[in-house]
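structure.tsv, holding TSV, C-alpha atoms:
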```tsv
chain	number	residue	atom	x	y	z
O	1	MET	CA	80.03	106.09	98.74
O	2	LEU	CA	79.85	104.50	95.32
O	3	LEU	CA	83.62	104.07	95.29
O	4	VAL	CA	83.96	102.41	98.69
O	5	HIS	CA	81.12	100.07	97.82
O	6	ARG	CA	83.19	98.79	94.85
O	7	SER	CA	85.16	96.80	97.40
O	8	ARG	CA	83.35	93.63	98.49
O	9	ARG	CA	84.76	93.81	102.03
O	10	ALA	CA	83.97	97.51	102.43
O	11	ALA	CA	80.45	97.11	101.01
O	12	ASP	CA	79.84	94.55	103.75
O	13	ALA	CA	81.83	96.36	106.45
O	14	VAL	CA	79.31	95.54	109.18
O	15	ARG	CA	80.23	91.86	108.78
O	16	THR	CA	83.85	91.96	107.59
O	17	ALA	CA	85.32	94.45	110.09
O	18	SER	CA	87.77	92.88	112.55
O	19	LEU	CA	86.74	92.40	116.18
O	20	GLY	CA	89.44	94.82	117.31
O	21	GLY	CA	88.30	97.47	114.82
O	22	GLU	CA	84.70	97.03	115.88
O	23	LEU	CA	85.67	97.34	119.54
O	24	VAL	CA	87.53	100.61	118.87
O	25	VAL	CA	84.65	102.12	116.82
O	26	ALA	CA	82.07	100.96	119.40
O	27	SER	CA	84.20	102.59	122.13
O	28	VAL	CA	84.37	105.83	120.11
O	29	VAL	CA	80.56	105.74	119.75
O	30	LEU	CA	80.32	105.21	123.52
O	31	ALA	CA	82.59	108.21	124.10
O	32	MET	CA	80.41	110.26	121.71
O	33	LEU	CA	77.29	109.28	123.67
O	34	LEU	CA	79.01	110.18	126.95
O	35	ALA	CA	79.94	113.55	125.44
O	36	ALA	CA	76.29	114.09	124.45
O	37	PHE	CA	75.32	113.12	128.02
O	38	GLY	CA	77.86	115.64	129.38
O	39	ASP	CA	76.32	118.32	127.14
O	40	ALA	CA	72.80	117.43	128.25
O	41	VAL	CA	73.16	117.06	132.01
O	42	ASP	CA	73.30	120.19	134.11
O	43	PRO	CA	76.20	119.85	136.61
O	44	ALA	CA	74.07	121.74	139.18
O	45	TRP	CA	71.56	118.89	139.11
O	46	THR	CA	74.21	116.29	139.90
O	47	GLY	CA	75.48	118.57	142.67
O	48	GLU	CA	72.01	118.69	144.21
O	49	ALA	CA	71.78	114.93	143.98
O	50	GLY	CA	75.15	114.58	145.74
O	51	LEU	CA	76.74	112.96	142.70
O	52	GLU	CA	79.25	115.64	141.79
O	53	PHE	CA	82.22	113.60	143.00
O	54	ALA	CA	81.03	110.42	141.34
O	55	LEU	CA	80.22	111.99	138.02
O	56	PHE	CA	82.03	115.23	137.52
O	57	ASP	CA	84.87	116.14	139.80
O	58	PHE	CA	86.66	112.94	140.63
O	59	GLY	CA	89.00	114.88	142.87
O	60	GLY	CA	90.38	117.21	140.22
O	61	GLU	CA	90.20	117.96	136.52
O	62	LEU	CA	89.14	114.53	135.37
O	63	SER	CA	85.44	114.24	134.76
O	64	LEU	CA	84.02	110.86	133.93
O	65	PHE	CA	80.64	111.65	132.43
O	66	GLY	CA	81.20	115.35	131.92
O	67	LEU	CA	82.90	115.09	128.51
O	68	HIS	CA	81.54	118.55	127.88
O	69	ASN	CA	82.04	119.89	124.33
O	70	TRP	CA	84.65	117.30	123.45
O	71	HIS	CA	86.18	117.31	119.99
O	72	LEU	CA	86.64	114.37	117.66
O	73	LEU	CA	90.35	113.99	118.50
O	74	GLN	CA	89.55	113.76	122.21
O	75	LEU	CA	86.69	111.36	121.50
O	76	LEU	CA	88.95	109.13	119.38
O	77	ALA	CA	91.58	109.12	122.14
O	78	ALA	CA	88.93	108.35	124.78
O	79	GLY	CA	87.48	105.60	122.56
O	80	GLY	CA	90.95	104.10	122.07
O	81	LEU	CA	91.54	104.13	125.84
O	82	ILE	CA	88.17	102.49	126.53
O	83	ALA	CA	88.88	99.83	123.88
O	84	ALA	CA	92.36	99.16	125.31
O	85	GLY	CA	90.86	98.91	128.80
O	86	ILE	CA	88.20	96.45	127.67
O	87	ALA	CA	90.78	94.35	125.78
O	88	MET	CA	93.10	94.22	128.82
O	89	PHE	CA	90.19	93.40	131.11
O	90	LYS	CA	89.13	90.57	128.79
O	91	ALA	CA	92.68	89.20	128.65
O	92	ALA	CA	93.04	89.38	132.44
O	93	VAL	CA	89.69	87.68	133.05
O	94	GLY	CA	90.60	85.02	130.47
O	95	ARG	CA	93.80	84.26	132.39
O	96	LEU	CA	92.04	84.15	135.74
O	97	PHE	CA	89.09	82.00	134.76
O	98	ARG	CA	89.68	78.99	132.52
O	99	PRO	CA	86.59	78.38	130.42
O	100	LEU	CA	84.85	75.00	130.89
O	101	HIS	CA	84.05	73.11	127.69
O	102	PRO	CA	81.57	70.21	127.39
O	103	ALA	CA	83.22	66.84	126.69
O	104	PRO	CA	82.24	64.98	123.47
O	105	ALA	CA	78.78	63.50	124.01
O	106	ARG	CA	79.53	60.01	122.62
O	107	VAL	CA	82.65	59.26	124.67
O	108	ILE	CA	82.18	56.15	126.86
O	109	ASP	CA	83.68	57.56	130.03
O	110	LYS	CA	81.64	60.71	129.53
O	111	VAL	CA	82.02	63.31	132.19
O	112	PRO	CA	79.94	66.45	131.98
O	113	ILE	CA	82.84	68.83	131.52
O	114	GLU	CA	86.54	68.79	130.79
O	115	LEU	CA	89.28	71.24	131.58
O	116	ARG	CA	91.24	71.95	128.40
O	117	PRO	CA	94.75	73.36	128.57
O	118	LYS	CA	94.60	77.10	128.02
O	119	THR	CA	96.05	78.24	124.72
O	120	PHE	CA	97.03	81.87	124.09
S	1	MET	CA	98.44	128.59	120.47
S	2	PRO	CA	97.36	129.57	116.94
S	3	GLU	CA	93.77	128.69	116.09
S	4	PHE	CA	94.78	126.18	113.42
S	5	LEU	CA	96.62	124.11	116.05
S	6	SER	CA	93.71	124.02	118.50
S	7	ALA	CA	91.97	120.72	119.26
S	8	GLY	CA	88.74	122.05	117.80
S	9	PHE	CA	90.29	122.98	114.45
S	10	LEU	CA	92.31	119.77	114.13
S	11	SER	CA	89.27	117.69	115.09
S	12	ALA	CA	87.11	119.40	112.47
S	13	LEU	CA	89.88	118.77	109.92
S	14	LEU	CA	90.08	115.10	110.91
S	15	THR	CA	86.29	114.84	110.59
S	16	ILE	CA	86.52	116.27	107.07
S	17	VAL	CA	89.34	113.87	106.12
S	18	LEU	CA	87.31	110.86	107.34
S	19	ILE	CA	84.19	112.08	105.53
S	20	ASP	CA	86.24	112.63	102.35
S	21	LEU	CA	87.69	109.13	102.62
S	22	VAL	CA	84.30	107.45	102.67
S	23	LEU	CA	82.33	109.83	100.44
S	24	ALA	CA	84.61	111.79	98.08
S	25	GLY	CA	85.99	109.15	95.75
S	26	ASP	CA	82.88	108.70	93.60
S	27	ASN	CA	84.02	111.22	91.00
S	28	ALA	CA	87.03	109.20	89.94
S	29	LEU	CA	84.75	106.23	89.35
S	30	ILE	CA	82.24	108.31	87.37
S	31	ILE	CA	84.96	109.84	85.19
S	32	GLY	CA	86.42	106.40	84.48
S	33	LEU	CA	83.01	104.91	83.64
S	34	VAL	CA	82.00	107.79	81.36
S	35	ALA	CA	85.30	107.92	79.48
S	36	ARG	CA	85.78	104.16	79.03
S	37	ASN	CA	84.23	103.96	75.51
S	38	LEU	CA	85.87	107.09	74.07
S	39	PRO	CA	88.89	106.93	71.73
S	40	LYS	CA	92.26	107.02	73.53
S	41	ASN	CA	93.13	110.54	72.34
S	42	LYS	CA	89.82	111.93	73.68
S	43	GLN	CA	89.98	110.00	76.95
S	44	ARG	CA	92.86	112.07	78.34
S	45	SER	CA	91.16	115.41	77.71
S	46	VAL	CA	87.83	114.11	79.08
S	47	ILE	CA	89.61	112.97	82.26
S	48	PHE	CA	91.34	116.37	82.62
S	49	TRP	CA	88.30	118.56	81.89
S	50	GLY	CA	85.97	116.17	83.75
S	51	THR	CA	88.14	116.42	86.84
S	52	PHE	CA	88.31	120.21	86.46
S	53	GLY	CA	84.52	120.44	86.06
S	54	ALA	CA	83.91	118.12	89.01
S	55	ILE	CA	86.16	120.21	91.26
S	56	ALA	CA	84.55	123.48	90.08
S	57	VAL	CA	81.04	122.11	90.76
S	58	ARG	CA	82.14	120.89	94.18
S	59	ALA	CA	83.68	124.28	95.10
S	60	LEU	CA	80.50	126.07	94.01
S	61	MET	CA	78.32	123.69	96.02
S	62	ALA	CA	80.56	124.07	99.10
S	63	VAL	CA	80.18	127.88	98.99
S	64	LEU	CA	76.40	127.51	98.56
S	65	VAL	CA	76.18	125.07	101.48
S	66	VAL	CA	77.87	127.56	103.84
S	67	TYR	CA	75.16	130.13	103.07
S	68	ILE	CA	72.29	127.63	102.96
S	69	LEU	CA	73.17	126.18	106.38
S	70	ASP	CA	72.68	129.67	107.85
S	71	VAL	CA	69.01	129.59	106.84
S	72	PRO	CA	66.86	128.39	109.79
S	73	GLY	CA	65.72	124.81	109.32
S	74	PHE	CA	68.52	123.73	106.99
S	75	LEU	CA	70.85	122.56	109.78
S	76	LEU	CA	68.09	120.23	110.97
S	77	ALA	CA	67.40	119.02	107.41
S	78	GLY	CA	71.15	118.56	106.79
S	79	GLY	CA	71.54	116.63	110.06
S	80	LEU	CA	68.65	114.32	109.15
S	81	ALA	CA	70.15	113.84	105.68
S	82	LEU	CA	73.49	112.83	107.25
S	83	ILE	CA	71.71	110.19	109.35
S	84	TRP	CA	70.29	108.72	106.13
S	85	ILE	CA	73.71	108.92	104.40
S	86	SER	CA	75.41	107.15	107.33
S	87	ARG	CA	72.76	104.38	107.24
S	88	LYS	CA	73.23	104.00	103.50
S	89	LEU	CA	77.02	103.82	103.89
S	90	LEU	CA	76.78	100.97	106.41
S	91	GLN	CA	73.96	99.07	104.69
S	92	PRO	CA	75.50	95.81	103.37
S	93	ASP	CA	75.43	95.73	99.57
S	94	ASP	CA	76.12	92.17	98.44
S	95	ASN	CA	76.07	92.92	94.69
S	96	ALA	CA	77.98	96.18	94.86
S	97	ALA	CA	81.20	94.93	93.28
S	98	ASN	CA	79.40	93.18	90.41
S	99	ARG	CA	77.01	95.98	89.56
S	100	HIS	CA	78.11	98.69	87.15
S	101	ALA	CA	76.53	101.46	89.17
S	102	GLY	CA	76.89	104.96	87.83
S	103	PRO	CA	76.38	106.68	84.50
S	104	ALA	CA	76.63	104.96	81.13
S	105	ALA	CA	79.69	105.40	78.93
S	106	ALA	CA	79.51	108.51	76.72
S	107	SER	CA	80.22	108.52	73.00
S	108	SER	CA	81.16	112.21	72.54
S	109	PHE	CA	83.43	114.68	74.33
S	110	ALA	CA	80.61	117.15	75.17
S	111	GLY	CA	78.30	114.33	76.28
S	112	ALA	CA	81.03	112.93	78.55
S	113	LEU	CA	81.72	116.30	80.17
S	114	ARG	CA	77.99	116.97	80.70
S	115	THR	CA	77.49	113.55	82.29
S	116	ILE	CA	80.50	113.98	84.59
S	117	VAL	CA	79.44	117.43	85.82
S	118	VAL	CA	75.77	116.47	86.35
S	119	ALA	CA	76.70	113.18	88.07
S	120	ASP	CA	79.15	115.02	90.34
S	121	ALA	CA	76.54	117.64	91.23
S	122	VAL	CA	74.13	114.87	92.23
S	123	MET	CA	76.58	112.51	93.90
S	124	GLY	CA	78.72	115.14	95.62
S	125	VAL	CA	75.79	116.58	97.62
S	126	ASP	CA	76.32	114.17	100.51
S	127	ASN	CA	80.04	114.96	100.70
S	128	VAL	CA	79.59	118.73	100.50
S	129	LEU	CA	76.75	118.69	103.03
S	130	ALA	CA	78.81	116.64	105.50
S	131	ILE	CA	81.85	118.91	105.05
S	132	GLY	CA	79.67	122.03	105.48
S	133	GLY	CA	78.23	120.57	108.71
S	134	ALA	CA	81.65	119.56	110.06
S	135	ALA	CA	83.23	122.93	109.20
S	136	SER	CA	80.53	124.86	111.15
S	137	GLY	CA	80.68	127.74	108.70
S	138	SER	CA	84.49	128.13	108.74
S	139	ILE	CA	85.61	129.06	105.22
S	140	VAL	CA	89.21	127.97	106.00
S	141	LEU	CA	87.97	124.47	106.87
S	142	ILE	CA	85.73	124.32	103.79
S	143	VAL	CA	88.68	125.26	101.57
S	144	MET	CA	90.89	122.69	103.32
S	145	GLY	CA	88.15	120.09	102.92
S	146	LEU	CA	88.09	120.81	99.18
S	147	ALA	CA	91.89	120.74	99.03
S	148	ILE	CA	91.85	117.29	100.63
S	149	SER	CA	89.05	115.90	98.47
S	150	VAL	CA	90.62	117.03	95.18
S	151	PRO	CA	93.64	114.65	95.34
S	152	ILE	CA	91.25	111.86	96.35
S	153	ILE	CA	89.13	112.67	93.28
S	154	VAL	CA	92.14	112.83	90.96
S	155	TRP	CA	94.59	110.22	92.18
S	156	GLY	CA	93.44	108.68	95.43
S	157	SER	CA	90.64	106.32	94.41
S	158	HIS	CA	92.90	103.24	94.32
S	159	LEU	CA	94.42	104.10	97.68
S	160	VAL	CA	90.98	104.64	99.20
S	161	ILE	CA	89.70	101.32	97.87
S	162	ARG	CA	92.81	99.53	99.14
S	163	LEU	CA	92.48	101.18	102.57
S	164	VAL	CA	88.79	100.33	103.08
S	165	ASP	CA	89.31	96.83	101.67
S	166	ARG	CA	92.16	96.16	104.13
S	167	TYR	CA	90.44	97.90	107.08
S	168	PRO	CA	86.64	97.83	106.70
S	169	SER	CA	86.43	99.35	110.22
S	170	VAL	CA	87.23	102.70	108.52
S	171	ILE	CA	83.72	102.52	107.03
S	172	LEU	CA	82.24	101.95	110.49
S	173	LEU	CA	84.25	104.89	111.85
S	174	GLY	CA	83.12	107.01	108.87
S	175	GLY	CA	79.50	106.11	109.67
S	176	ALA	CA	80.00	107.04	113.34
S	177	VAL	CA	81.63	110.37	112.39
S	178	LEU	CA	78.77	111.14	109.98
S	179	ALA	CA	76.26	110.37	112.75
S	180	TRP	CA	78.18	112.62	115.17
S	181	THR	CA	78.25	115.43	112.57
S	182	GLY	CA	74.50	114.93	111.98
S	183	TYR	CA	73.83	115.13	115.75
S	184	SER	CA	75.96	118.30	116.06
S	185	MET	CA	74.02	119.90	113.18
S	186	ILE	CA	70.64	119.01	114.70
S	187	VAL	CA	71.47	120.43	118.16
S	188	ARG	CA	72.90	123.62	116.55
S	189	GLU	CA	69.63	124.27	114.69
S	190	PRO	CA	68.41	127.76	115.71
S	191	LEU	CA	64.74	126.72	115.52
S	192	LEU	CA	65.34	124.04	118.18
S	193	GLN	CA	67.50	126.14	120.52
S	194	PRO	CA	64.71	127.50	122.82
S	195	TRP	CA	63.25	124.01	123.23
S	196	LEU	CA	66.65	122.39	123.81
S	197	VAL	CA	67.48	125.00	126.47
S	198	ALA	CA	64.15	124.29	128.20
S	199	HIS	CA	64.63	120.50	127.96
S	200	PRO	CA	68.38	119.75	128.42
S	201	PRO	CA	68.00	115.93	128.61
S	202	ALA	CA	66.50	116.01	125.09
S	203	ARG	CA	70.03	116.48	123.72
S	204	PHE	CA	71.08	113.09	125.04
S	205	VAL	CA	67.88	111.46	123.77
S	206	ILE	CA	68.53	112.98	120.32
S	207	ALA	CA	72.13	111.66	120.39
S	208	VAL	CA	70.96	108.14	121.26
S	209	LEU	CA	68.30	108.34	118.54
S	210	VAL	CA	70.76	109.57	115.91
S	211	PHE	CA	73.31	106.85	116.68
S	212	SER	CA	70.76	104.06	117.00
S	213	ILE	CA	69.14	104.93	113.66
S	214	SER	CA	72.24	105.73	111.61
S	215	LEU	CA	74.32	102.79	112.88
S	216	SER	CA	71.39	100.32	112.91
S	217	PRO	CA	72.77	98.21	109.98
S	218	TRP	CA	75.78	97.49	112.20
S	219	TRP	CA	73.71	96.57	115.29
S	220	THR	CA	71.35	94.50	113.13
S	221	ALA	CA	74.22	92.43	111.71
S	222	ARG	CA	75.41	91.64	115.25
S	223	LEU	CA	71.99	90.73	116.74
S	224	SER	CA	70.23	87.38	116.49
S	225	GLU	CA	66.93	87.09	114.58
S	226	ARG	CA	65.07	87.02	117.92
S	227	THR	CA	66.59	90.26	119.25
S	228	GLN	CA	66.56	92.20	115.95
S	229	PRO	CA	63.19	93.95	116.70
S	230	LEU	CA	65.10	95.90	119.39
S	231	VAL	CA	66.73	97.91	116.58
S	232	VAL	CA	63.28	99.37	115.84
S	233	LEU	CA	61.70	99.16	119.30
S	234	LEU	CA	64.30	101.03	121.36
S	235	PRO	CA	64.50	104.15	119.11
S	236	SER	CA	60.69	104.09	118.78
S	237	LEU	CA	60.36	104.08	122.57
S	238	LEU	CA	62.64	107.11	122.75
S	239	VAL	CA	60.58	108.90	120.08
S	240	TRP	CA	57.42	108.05	122.06
S	241	LEU	CA	58.83	109.54	125.28
S	242	LEU	CA	60.21	112.55	123.42
S	243	ALA	CA	56.79	113.16	121.80
S	244	PHE	CA	55.18	113.27	125.27
S	245	GLU	CA	57.87	115.69	126.45
S	246	ILE	CA	57.09	117.95	123.47
S	247	ALA	CA	53.32	117.61	123.82
S	248	ASP	CA	53.20	118.11	127.63
S	249	PRO	CA	52.85	121.95	127.74
S	250	HIS	CA	50.33	121.90	124.87
S	251	ILE	CA	48.19	119.23	126.57
S	252	GLU	CA	48.00	121.31	129.77
S	253	LYS	CA	46.66	124.22	127.75
S	254	LEU	CA	43.69	122.08	126.60
S	255	GLY	CA	42.18	122.20	130.13
S	256	GLY	CA	39.24	119.94	131.09
S	257	LEU	CA	40.20	116.40	132.10
S	258	PHE	CA	43.87	117.06	131.38
S	259	THR	CA	44.21	119.51	134.30
S	260	THR	CA	42.58	117.22	136.92
S	261	GLU	CA	44.45	114.73	139.09
S	262	ILE	CA	42.84	111.77	137.30
S	263	GLY	CA	43.86	113.24	133.96
S	264	ASP	CA	47.40	113.54	135.27
S	265	TYR	CA	47.47	109.88	136.30
S	266	LEU	CA	45.96	108.82	132.97
S	267	GLY	CA	48.54	110.87	131.07
S	268	GLU	CA	51.41	109.33	133.02
S	269	ALA	CA	49.95	105.83	132.51
S	270	VAL	CA	49.73	106.36	128.75
S	271	ARG	CA	53.25	107.86	128.66
S	272	TRP	CA	54.95	104.98	130.50
S	273	LEU	CA	52.76	102.00	129.51
S	274	GLY	CA	50.98	103.07	126.31
S	275	TRP	CA	53.85	101.89	124.12
S	276	LEU	CA	53.52	98.27	125.33
S	277	PRO	CA	50.51	97.32	123.11
S	278	LEU	CA	52.19	99.03	120.14
S	279	ALA	CA	55.42	97.08	120.74
S	280	ALA	CA	53.44	93.83	121.10
S	281	GLY	CA	51.59	94.63	117.85
S	282	PHE	CA	54.87	95.28	116.05
S	283	ILE	CA	56.38	91.98	117.25
S	284	TRP	CA	53.19	90.11	116.27
S	285	LEU	CA	53.22	91.69	112.79
S	286	ARG	CA	56.90	90.81	112.40
S	287	GLU	CA	56.24	87.20	113.33
S	288	GLN	CA	53.40	87.07	110.76
S	289	GLN	CA	55.77	88.27	108.06
S	290	ARG	CA	58.59	85.90	109.01
S	291	PRO	CA	57.67	83.17	106.40
S	292	ARG	CA	57.54	85.83	103.65
S	293	ARG	CA	60.98	87.19	104.68
S	294	ALA	CA	62.40	83.66	104.78
S	295	ALA	CA	61.02	82.94	101.29
S	296	ARG	CA	62.53	86.17	99.96
S	297	SER	CA	65.99	85.43	101.39
```

Kindly transcribe the structure held in the file into structure tokens.
Amino acid sequence: MLLVHRSRRAADAVRTASLGGELVVASVVLAMLLAAFGDAVDPAWTGEAGLEFALFDFGGELSLFGLHNWHLLQLLAAGGLIAAGIAMFKAAVGRLFRPLHPAPARVIDKVPIELRPKTF
Amino acid sequence: MPEFLSAGFLSALLTIVLIDLVLAGDNALIIGLVARNLPKNKQRSVIFWGTFGAIAVRALMAVLVVYILDVPGFLLAGGLALIWISRKLLQPDDNAANRHAGPAAASSFAGALRTIVVADAVMGVDNVLAIGGAASGSIVLIVMGLAISVPIIVWGSHLVIRLVDRYPSVILLGGAVLAWTGYSMIVREPLLQPWLVAHPPARFVIAVLVFSISLSPWWTARLSERTQPLVVLLPSLLVWLLAFEIADPHIEKLGGLFTTEIGDYLGEAVRWLGWLPLAAGFIWLREQQRPRRAARS
């Protein structure tokens, strides 16, 4: 710990980490929490509540919230997939909806908003 | 498939590598700091014997940790310690690079060796504890963990620094892996097993608590001043609800008002609403201290 804190950027990792890196780690944490949820929830209970298809079976082997006893490798892969999904969703939404920006306040022919050309 | 190619084994190995990356490199720094004032001819032997001593101490501690973690209560204590270590790893340290943390330079060969071995024994506890927890008692994994940490101790410090400097997210991932290891140790604790079996949802509550406490420096850095109390309030609310879950069977044994219908209603009211005045008090106290915090920063 002493060694990694010799680096200014690493000592302040909570502020200097890239957005992409943060998204991946946050997704891994989410996968870890889902795995803990899968360990905690009794599948019989979800069956009684009629949720087995929504939560556990999903028509086959895939189980959404039942990441039961998952290992770190699986959690990292799941986290990576979640992060990739979120990034693609964000890119798709960004293409579909152009953000509206306020026009400069002191311009004479002030209109409340302007549509800027989208830059990627 | 052989056991060493299974997902479980490879995952435990990856956990150990990540833990080593963020926690194991301190020895190289200590050896460098201790040996810096010695004559050139003595420096080389201090570095060699210091490294040898550091590795021997680490191996001894790793063997001890395997046996100690079998004692009831130590898995829980180790898990709680890992939460604290993860928090400390993520806590921003603005003066870290300027401060000469670590032991003072030694002036004699014996003094240098003693300082290196003692400093390693103290500073390697977190690393050995985390590896012991991640290995779940597997001697093969412990030995592999040591085999991976030794090159980091001897040669890898520059590479580690360069890696975490280029990708600070590795530190965040290291913190998350430490929190996950801490959670796994807590839920494996034999003293808690009967209670965890009787209250399955408590596992999830413990996981949320572990992650929210150990990664709180990260959340705090991302929240505005106004929403920062949530970092304390949400885990506290979980602890409050968990405390009622633990106390429930004991309260029923008390009899009297607690077994009547009114007592039931009162208990439920306190459980679900009793935290509100405490939360309001906490926010009020925080607002009172705001000028003092602003003056300090």

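The list of residues with at least one atom within 9 Å of Gly174 in chain S, based on all atoms listed in the file and without residues fewer than 3 positions apart in the same chain, reads Thr15, Leu18, Ile19, Leu21, Val22, Leu23, Ser86, Leu89, Ser169, Val170, Ile171, Val177, Leu178 and Ala179 of chain S.
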
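The two atoms in question, CA of Tyr167 in chain S and CA of His5 in chain O, are spaced 13.3 Å apart.
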
Could you tell me, as an MDAnalysis selection string, which residues have any atom at most 12 Å from (88.9, 121.9, 104.2), counting all atoms listed in the file? chainID S and resid 4 9:20 59 62:63 127:128 130:150

C-alpha atoms of the current selection, written as a PDB file, in the coordinates of the input:
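The resulting selection-v1.pdb:
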```pdb
ATOM      1  CA  PHE S   4      94.780 126.180 113.420  1.00  0.00           C
ATOM      2  CA  PHE S   9      90.290 122.980 114.450  1.00  0.00           C
ATOM      3  CA  LEU S  10      92.310 119.770 114.130  1.00  0.00           C
ATOM      4  CA  SER S  11      89.270 117.690 115.090  1.00  0.00           C
ATOM      5  CA  ALA S  12      87.110 119.400 112.470  1.00  0.00           C
ATOM      6  CA  LEU S  13      89.880 118.770 109.920  1.00  0.00           C
ATOM      7  CA  LEU S  14      90.080 115.100 110.910  1.00  0.00           C
ATOM      8  CA  THR S  15      86.290 114.840 110.590  1.00  0.00           C
ATOM      9  CA  ILE S  16      86.520 116.270 107.070  1.00  0.00           C
ATOM     10  CA  VAL S  17      89.340 113.870 106.120  1.00  0.00           C
ATOM     11  CA  LEU S  18      87.310 110.860 107.340  1.00  0.00           C
ATOM     12  CA  ILE S  19      84.190 112.080 105.530  1.00  0.00           C
ATOM     13  CA  ASP S  20      86.240 112.630 102.350  1.00  0.00           C
ATOM     14  CA  ALA S  59      83.680 124.280  95.100  1.00  0.00           C
ATOM     15  CA  ALA S  62      80.560 124.070  99.100  1.00  0.00           C
ATOM     16  CA  VAL S  63      80.180 127.880  98.990  1.00  0.00           C
ATOM     17  CA  ASN S 127      80.040 114.960 100.700  1.00  0.00           C
ATOM     18  CA  VAL S 128      79.590 118.730 100.500  1.00  0.00           C
ATOM     19  CA  ALA S 130      78.810 116.640 105.500  1.00  0.00           C
ATOM     20  CA  ILE S 131      81.850 118.910 105.050  1.00  0.00           C
ATOM     21  CA  GLY S 132      79.670 122.030 105.480  1.00  0.00           C
ATOM     22  CA  GLY S 133      78.230 120.570 108.710  1.00  0.00           C
ATOM     23  CA  ALA S 134      81.650 119.560 110.060  1.00  0.00           C
ATOM     24  CA  ALA S 135      83.230 122.930 109.200  1.00  0.00           C
ATOM     25  CA  SER S 136      80.530 124.860 111.150  1.00  0.00           C
ATOM     26  CA  GLY S 137      80.680 127.740 108.700  1.00  0.00           C
ATOM     27  CA  SER S 138      84.490 128.130 108.740  1.00  0.00           C
ATOM     28  CA  ILE S 139      85.610 129.060 105.220  1.00  0.00           C
ATOM     29  CA  VAL S 140      89.210 127.970 106.000  1.00  0.00           C
ATOM     30  CA  LEU S 141      87.970 124.470 106.870  1.00  0.00           C
ATOM     31  CA  ILE S 142      85.730 124.320 103.790  1.00  0.00           C
ATOM     32  CA  VAL S 143      88.680 125.260 101.570  1.00  0.00           C
ATOM     33  CA  MET S 144      90.890 122.690 103.320  1.00  0.00           C
ATOM     34  CA  GLY S 145      88.150 120.090 102.920  1.00  0.00           C
ATOM     35  CA  LEU S 146      88.090 120.810  99.180  1.00  0.00           C
ATOM     36  CA  ALA S 147      91.890 120.740  99.030  1.00  0.00           C
ATOM     37  CA  ILE S 148      91.850 117.290 100.630  1.00  0.00           C
ATOM     38  CA  SER S 149      89.050 115.900  98.470  1.00  0.00           C
ATOM     39  CA  VAL S 150      90.620 117.030  95.180  1.00  0.00           C
TER      40      VAL S 150
END
```

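With distances taken over all atoms listed in the file, S:Tyr183 is the one residue among S:Tyr183, S:Phe282, S:Tyr67, S:Trp84 lying closest to chain O.
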
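Nearest to chain O of all the residues S:Met61, S:Leu237, S:Ala119, S:Leu90 is S:Leu90, counting only C-alpha atoms.
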
Find the residues of chain S in contact range of chain O, meaning any atom within 6 Å when counting all atoms listed in the file, and list them as a VMD selection string. chain S and resid 8 11 22 to 23 25 to 26 92 to 93 96 to 97 161 164 to 165 168 to 169 173 200 to 201 203 to 204 218

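Taking CA of His250 in chain S as the reference point, CA of Met185 in chain S is found at 26.5 Å.
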
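The smallest atom-to-atom distance between Met123 in chain S and any of S:Val66, S:Pro235, S:Ala243, S:Ala54, using all atoms listed in the file, is found for S:Ala54.
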
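Across the structure, CA of Leu241 in chain S and CA of Tyr265 in chain S are spaced 15.8 Å apart.
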
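Using all atoms listed in the file, the protein and nucleic acid residues lying at most 10 Å from the point (60.1, 112.7, 121.6) are Ala202, Val205, Ile206, Leu209, Pro235, Ser236, Leu237, Leu238, Val239, Trp240, Leu241, Leu242, Ala243, Phe244, Glu245, Ile246 and Ala247 of chain S.
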
For the selection you just gave me, I'd like the residues written to a file as a compact mmCIF listing (two decimals), keeping the file's coordinate frame, keeping C-alpha atoms.
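Full text of out18.txt as output:
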```
# COMPACT_ATOMS: atom_id res chain seq x y z
CA ALA S 202 66.50 116.01 125.09
CA VAL S 205 67.88 111.46 123.77
CA ILE S 206 68.53 112.98 120.32
CA LEU S 209 68.30 108.34 118.54
CA PRO S 235 64.50 104.15 119.11
CA SER S 236 60.69 104.09 118.78
CA LEU S 237 60.36 104.08 122.57
CA LEU S 238 62.64 107.11 122.75
CA VAL S 239 60.58 108.90 120.08
CA TRP S 240 57.42 108.05 122.06
CA LEU S 241 58.83 109.54 125.28
CA LEU S 242 60.21 112.55 123.42
CA ALA S 243 56.79 113.16 121.80
CA PHE S 244 55.18 113.27 125.27
CA GLU S 245 57.87 115.69 126.45
CA ILE S 246 57.09 117.95 123.47
CA ALA S 247 53.32 117.61 123.82
```
